[in-house]
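I have placed the structure first, in the form of structure tokens, so that the comments after it can refer back to it.
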Amino acid sequence: MKGRDVAGIVILLLVVGIALGWRWLSKPGTEPLTFEEPEAAPEEIISEPAVITVHVAGAVQNPGVYTLREGARALDALQAAGGAHSEADEHAFNLAQPLYDGQRIEIPFKRGEEEGNVNGGNPESSSPLININTASARELEALPNIGPARAVQIVEHREKYGYFTSVEELILVPGIGDKILASLRHLVTIY
């Protein structure tokens with residue numbers, strides 16, 4: 001065979017091979033070969049951090065309602081409100097207290113000399129006033145007519161509804177009526 005014949009046979013075999021390959025690829029149920037790009041990694045789900053809304057009042061630069069991250073402390077709320085007023089008594093309030101959604105934080109003002117001594121100028125009382133916004137149940141038990149159960153009720157009311165804004169709000173605690181409130185007025189404070 002001559003080179004021309006060999007070349008013709010090679011071309012013929014190539015054409016037949018291509019035709020058979022095309023026929024095989026076009027059979028029903030046979031998918032053509034394709035190159036797939038690798039799947040992209042799934043996007044990370046970015047969740048928004050949980051937040052709480054609190055009301056900051058009292059001796060602060062900018063009283064108002066603030067949104068803070070969940071797990072914030074009273075100090076975070078004070079900073080969000082622009083810091084303490086120059087007349088604030090920051091040490092009369094627990095700045096490390098964890099906050100919850102809907103809570104009211106009242107930063108008290110310093111007590112002036114015109115208000116009397118540490119026990120509110122009340123000569124009947126020889127001990128300092130008990131702060132109903134910061135006292136533990138054990139400390140509240142020292143008050144007349146407040147046993148362990150009522151002390152716990154005061155603390156639970158404070159935790160559920162926020163700090164008392166006046167001593168008179170003790171009347172909202174179950175079991176405290178006008179007579180008990182009258183016996184406590186000169187012994188307790190909210191500052």
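Starting from 1 in every chain, residues are counted up; chains themselves are A, B, ... following the order of the structure tokens, and ligands are numbered from 1 as listed.
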### Task
Name all residues at most 8 Å from Ile105 in chain A (count only C-alpha atoms; drop same-chain ones fewer than 3 positions away) and give them as a PyMOL selection string.
chain A and resi 54-57+74+77+162-163
#### Entry: Residue contacts of Glu141 in chain A (9 Å, only C-alpha atoms) excluding same-chain residues fewer than 5 positions away, as a PyMOL selection string
chain A and resi 136+146-152
### Query
Per DSSP on the backbone, what are the helix (DSSP H, G or I) residues of range 76-181 of chain A, as number ranges by chain?
A: 76-80, 90-92, 113-115, 137-140, 148-161, 167-172, 178-181
For the residues in that selection, give me C-alpha atoms as a PDB file, in the first residue's frame.
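Final output, again12.pdb:
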```
ATOM      1  CA  ASP A  76     -22.948  48.747  79.838  1.00  0.00           C
ATOM      2  CA  ALA A  77     -26.308  50.510  80.173  1.00  0.00           C
ATOM      3  CA  LEU A  78     -24.694  53.365  82.119  1.00  0.00           C
ATOM      4  CA  GLN A  79     -22.078  53.787  79.388  1.00  0.00           C
ATOM      5  CA  ALA A  80     -24.755  53.691  76.663  1.00  0.00           C
ATOM      6  CA  GLU A  90     -22.749  55.050  91.320  1.00  0.00           C
ATOM      7  CA  HIS A  91     -21.779  53.006  94.365  1.00  0.00           C
ATOM      8  CA  ALA A  92     -25.382  52.845  95.558  1.00  0.00           C
ATOM      9  CA  GLU A 113     -26.613  67.367 103.194  1.00  0.00           C
ATOM     10  CA  GLU A 114     -30.039  68.972 103.281  1.00  0.00           C
ATOM     11  CA  GLU A 115     -31.564  65.502 103.331  1.00  0.00           C
ATOM     12  CA  ALA A 137     -33.715  39.006 100.634  1.00  0.00           C
ATOM     13  CA  ARG A 138     -31.667  38.399 103.805  1.00  0.00           C
ATOM     14  CA  GLU A 139     -31.137  42.158 104.293  1.00  0.00           C
ATOM     15  CA  LEU A 140     -34.834  42.861 103.718  1.00  0.00           C
ATOM     16  CA  PRO A 148     -38.436  35.483 104.564  1.00  0.00           C
ATOM     17  CA  ALA A 149     -41.458  35.065 102.268  1.00  0.00           C
ATOM     18  CA  ARG A 150     -42.151  38.809 101.874  1.00  0.00           C
ATOM     19  CA  ALA A 151     -38.448  39.518 101.416  1.00  0.00           C
ATOM     20  CA  VAL A 152     -38.345  37.048  98.538  1.00  0.00           C
ATOM     21  CA  GLN A 153     -41.510  38.615  97.078  1.00  0.00           C
ATOM     22  CA  ILE A 154     -39.869  42.068  97.117  1.00  0.00           C
ATOM     23  CA  VAL A 155     -36.785  40.748  95.335  1.00  0.00           C
ATOM     24  CA  GLU A 156     -38.895  38.835  92.779  1.00  0.00           C
ATOM     25  CA  HIS A 157     -41.058  41.906  92.107  1.00  0.00           C
ATOM     26  CA  ARG A 158     -37.904  43.991  91.570  1.00  0.00           C
ATOM     27  CA  GLU A 159     -36.444  41.390  89.202  1.00  0.00           C
ATOM     28  CA  LYS A 160     -39.677  41.038  87.225  1.00  0.00           C
ATOM     29  CA  TYR A 161     -40.727  44.698  86.964  1.00  0.00           C
ATOM     30  CA  VAL A 167     -40.791  53.649  98.343  1.00  0.00           C
ATOM     31  CA  GLU A 168     -44.576  53.806  97.879  1.00  0.00           C
ATOM     32  CA  GLU A 169     -44.321  51.234  95.063  1.00  0.00           C
ATOM     33  CA  LEU A 170     -43.779  48.582  97.756  1.00  0.00           C
ATOM     34  CA  ILE A 171     -47.587  48.525  97.918  1.00  0.00           C
ATOM     35  CA  LEU A 172     -47.482  46.673  94.573  1.00  0.00           C
ATOM     36  CA  ASP A 178     -50.922  50.395 103.810  1.00  0.00           C
ATOM     37  CA  LYS A 179     -50.014  49.501 107.420  1.00  0.00           C
ATOM     38  CA  ILE A 180     -46.856  47.583 106.484  1.00  0.00           C
ATOM     39  CA  LEU A 181     -45.851  50.321 104.033  1.00  0.00           C
TER      40      LEU A 181
END
```
### Message
Between CA of Ile107 in chain A and CA of Phe93 in chain A, what distance in Å does the model show, to one decimal?
### Response
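Here the two named atoms are 6.5 Å from each other.
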### Query
Which residues, written as a VMD selection string, have at least one atom at most 9 Å from Ser86 in chain A, with only C-alpha atoms counted and residues fewer than 6 positions away on the same chain left out?
chain A and resid 59 to 61 109
#### Entry: Pairwise distance for CA of Gly82 in chain A and CA of Ile132 in chain A, rounded to one decimal in Å
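Distance between the two atoms: 25.6 Å.
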### Message
Rounded to one decimal, what separation in Å do you get between CA of Thr67 in chain A and CA of Ile52 in chain A?
### Response
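Those two atoms sit 5.6 Å apart.
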#### Entry: Contacts of Val51 in chain A within 10 Å, only C-alpha atoms, excl. fewer than 5 positions in-chain, as a list of chain:residue names
A:Thr67, A:Leu68, A:Arg69, A:Glu70, A:Gly71, A:Ala72, A:Tyr100, A:Asp101
